[in-house]
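Okay, so here's the structure we're looking at.
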Amino acid sequence: MTNDSSQLSGKRRLFLKSLGALGVSAAVGSTAAAQSSSSALDNYHQTLRAELTASARQQKSLPDGTYVYGETEDAATEAFTPRGGATTETVTVDTDAVPITTGEQLTVSAGTEDPSAIAYSGAVSDHEFSEGDLLLGVAYVRSDADDAEAHAAFGYRAPDAAGNTPVAENFVQRGAEIAPTGEWMRYFFPIEVGAKPSSDAVPTLEFWAGYGAQSIEFGGVALFDYSDGDISLGNLPPYDYEGRDEDAEWREAAHERIEEIRKTDMEVEVLNPGGQPMNDATVEVEMAEHAFDFGTAVSVEHITGDSEDDERYREVFQENFNKATIENGLKFPAWEGDWDIDNEATQATLDWLNDRDFPVRGHHLLWEQANPDGGGGMSLEKDLSEYTADEVDELVSEKIRSHAVEFEDDVAEWDMHNHPIWQSNFRDKEGLGWEAVDKWWDIADENSDHELHTNEMGVVGGAWQRSQYYDYITHLVENDYPLDGIGFMAHHQQQWNQMLDIENMIAGFDDFSEFGVPLIITEFDIQIFSRRNAQDVAVQRDYLRDFLTVAFSKPAVEALISWGFWEDDHWRPTGAYYDSDWTLREHGEKFLELVYDEWWTEETGETDDDGVYATRGFKGEYEISAEKGALSGETTVTVDDDTDTVTVELETPGNGNGNGNGNGKENKGKGNGKGNGN
């Protein structure tokens, strides 16, 4: 991980820090002086306020608020003092990755039984709070230590002679834990002020640090007062979701379902060269590929390119995924020349994927948008209003037919109807309606032998279109459409509050499971506000874990397709699994941990007296080998609920590589752009 090193100035603010030993009253005076000397926002405070109030934050945009610790970095720093025997030293922040320029290093020589006894503490001198007021603490934090730890607290301190009393009650509502890394990372602390215990109690924001001998750097500390704003606690970062806790009740049932539906019993029978059972033979069962599809969108540019990044892109794809969607190349605006994507390169991408046995999702056949402004559509030459209904019907019918025929040998399935809820433009045009959609589905079915799916957002990635999509699917099912799969885009954006509480997420999957049609996560990603927000990074990692766990635990779900994986080729770069330099991000680590560790089978054991080794593993393709003494054999097999006993026949050295049988197929190995997530 990158180390955002800071430079110690070597200048201790001995006078100010000595005030900490004189009690809260002295520190209060220093805070007042610091704030009164600040008359205008410095660059950091302007940047911070502009970011939090930006309209791009959508549902999470905040009002201006009032800065409590002054309006410059220096004013805020002057408000904080160490207590409990810790010391501080000024540091210069020398990285352009964050907007702060200065901070302080808090050094703790030894931990205490009560971590709150040692803190970096900022008393508030000239600002009054009322019970129920909403505040927001902010701080950038880093440490060179691997095990550094701190805890944010805001509350009222009772003044004492030594100035060592911690806040009596912590009003920070969530996200108080701080686990610093070598990078400057930002933390938010939403606060709902409680009752003031006494008239002389002093409101204080502090960071408890008495967990052990450690040095932690703090910078950009700020406190917003939103008591005059019309906001709720849920508007304040960091953002969370119900069901995130490690001991949440839903987890046990989900893991039990995974054990039941994604795994199966298997028996390996080992025979000696004479065809007799071989006891005490060592058997290795190694999974090679999931039966479940863990795919990704890929770009034509990087599959066909010849740069070092292109080569790495192809390597990462092959190592980590087992299915692909060409993100933009098969959309009509690309194939018909409206976008700058070469058709020969698109075909080369299809050939490359098929040559390596990666199934390809065709994206798309029908999208009720005339022009490409929404990210796809049917690429009609004129505005929809300029066509008669019959003209639209004829044009769309021919596009669906020709596209299905053109790529019949290249794709494994189609997004037949993309965005049927978000864009119903053709159905809404007089003279078309559902009758035209009926016809277009029939044309697709007549010209393709592949599965036909629907695809829509806002169903399990957010839920604002769930009921409408449910009604749409109901219409298809009740009218016997050739529907083979129900697609959920599953794009998640923090600014739109699209990380669902787990029970809401589960309800979405359960509702659509009722149709008895396979469910596919077609376009999965999680966009966060900033990768410099430590709590955003953490919730992204945890939400990926929980979304994948819920999806994998549902019998109707057959695939999860990530919508890209590399920052430099991702429509929402904060959601990519890999940084620009190919460093694996935290949620990318969690993805690989689940798919190729927790949900992966590698077992070793010995055959019993009947020459059989029994185990249980995840469904998929396996390489199974056995040996005893100089004898060895191996086989490749697909393991599912219908798999009979897998037989491995041992051979003597120099007599072949051994053989076996089962209901297997050739193994293709583990592994199954900047574009438009539509």
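Chains: A, B, ... in order of the structure tokens. Residues: from 1 per chain. Ligands: from 1, in order shown.
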
**OP:** Output as a PyMOL selection string all residues of region 372-452 of chain A that backbone DSSP marks as strand (DSSP E).
**Re:** chain A and resi 413-418+451-452

Next, write the just-selected residues to a file, as an mmCIF file, in the first residue's frame, keeping C-alpha atoms as the atom set.
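Okay, this is what ended up in out05.cif:
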```
data_model
loop_
_atom_site.group_PDB
_atom_site.id
_atom_site.type_symbol
_atom_site.label_atom_id
_atom_site.label_comp_id
_atom_site.auth_asym_id
_atom_site.auth_seq_id
_atom_site.Cartn_x
_atom_site.Cartn_y
_atom_site.Cartn_z
ATOM 1 C CA GLU A 413 -27.383 -15.748 -24.515
ATOM 2 C CA TRP A 414 -28.943 -12.344 -25.161
ATOM 3 C CA ASP A 415 -30.175 -9.390 -23.207
ATOM 4 C CA MET A 416 -33.308 -9.431 -25.333
ATOM 5 C CA HIS A 417 -35.035 -6.465 -23.683
ATOM 6 C CA ASN A 418 -32.724 -3.962 -22.009
ATOM 7 C CA GLU A 451 -31.562 -17.899 -24.103
ATOM 8 C CA LEU A 452 -33.402 -14.571 -24.076
#
```

Original post:
So which residues touch Glu73 (chain A) within 10 Å, counting only C-alpha atoms, skipping near sequence neighbours fewer than 2 positions away, as an NGL selection string?
Top reply: :A and (38 or 41-45 or 69-71 or 75-78 or 100-103 or 219-222)

**OP:** Check the smallest atom-to-atom distance from each of A:Arg57, A:His450, A:Arg616, A:Lys628 to Glu260 (chain A) using only C-alpha atoms, then report the winner.
**Re:**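 Ranking A:Arg57, A:His450, A:Arg616, A:Lys628 by distance to Glu260 (chain A), first place goes to A:Arg616.
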
**OP:** Go through A:Phe80, A:Tyr622, A:Phe218, A:Trp250 one by one, measure the shortest atom-to-atom distance of each to Glu503 (chain A) using only C-alpha atoms, and give the residue with the smallest value.
**Re:**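 Looking only at the distances to Glu503 (chain A), the closest residue turns out to be A:Trp250.
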
**OP:** Could you check which of A:Asn533, A:Phe488, A:Glu269, A:Ala40 is closest to Val98 (chain A), using only C-alpha atoms?
**Re:** A:Asn533

Subject >> 8 Å contact set for Asp225 (chain A), only C-alpha atoms, chain neighbours under 5 positions out, as a ChimeraX atom specification >> reply: /A:65-68,133-136

**OP:** Please provide the set of residues having any atom within 10 Å of Val539 (chain A), restricted to only C-alpha atoms, with same-chain residues fewer than 6 positions apart removed, written as a VMD selection string.
**Re:** chain A and resid 238 to 241 244 499 526 528 545 587

Only C-alpha atoms, please: the residues just picked out, written as an mmCIF file, in the first residue's frame.
```
data_model
loop_
_atom_site.group_PDB
_atom_site.id
_atom_site.type_symbol
_atom_site.label_atom_id
_atom_site.label_comp_id
_atom_site.auth_asym_id
_atom_site.auth_seq_id
_atom_site.Cartn_x
_atom_site.Cartn_y
_atom_site.Cartn_z
ATOM 1 C CA PRO A 238 -20.249 7.509 6.729
ATOM 2 C CA TYR A 239 -23.075 5.492 5.229
ATOM 3 C CA ASP A 240 -24.071 2.042 6.358
ATOM 4 C CA TYR A 241 -26.733 -0.589 5.864
ATOM 5 C CA ARG A 244 -23.706 -5.578 7.971
ATOM 6 C CA MET A 499 -26.835 -0.062 -0.829
ATOM 7 C CA ILE A 526 -20.400 -0.524 -6.153
ATOM 8 C CA ILE A 528 -18.363 5.045 -3.552
ATOM 9 C CA ARG A 545 -19.242 -9.663 0.623
ATOM 10 C CA HIS A 587 -13.244 -5.169 -2.225
#
```

Subject >> Atomic distance CA of Leu350 (chain A) - CA of Phe552 (chain A), expressed in Å with one decimal >> reply: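 Interatomic distance here is 27.6 Å.
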
Subject >> Selection: 8 Å around region 171-186 of chain A, only C-alpha atoms, excl. self and same-chain fewer than 5 positions, as a VMD selection string >> reply: chain A and resid 1 to 5 98 138 to 155 191 to 194 216 238 532 to 535
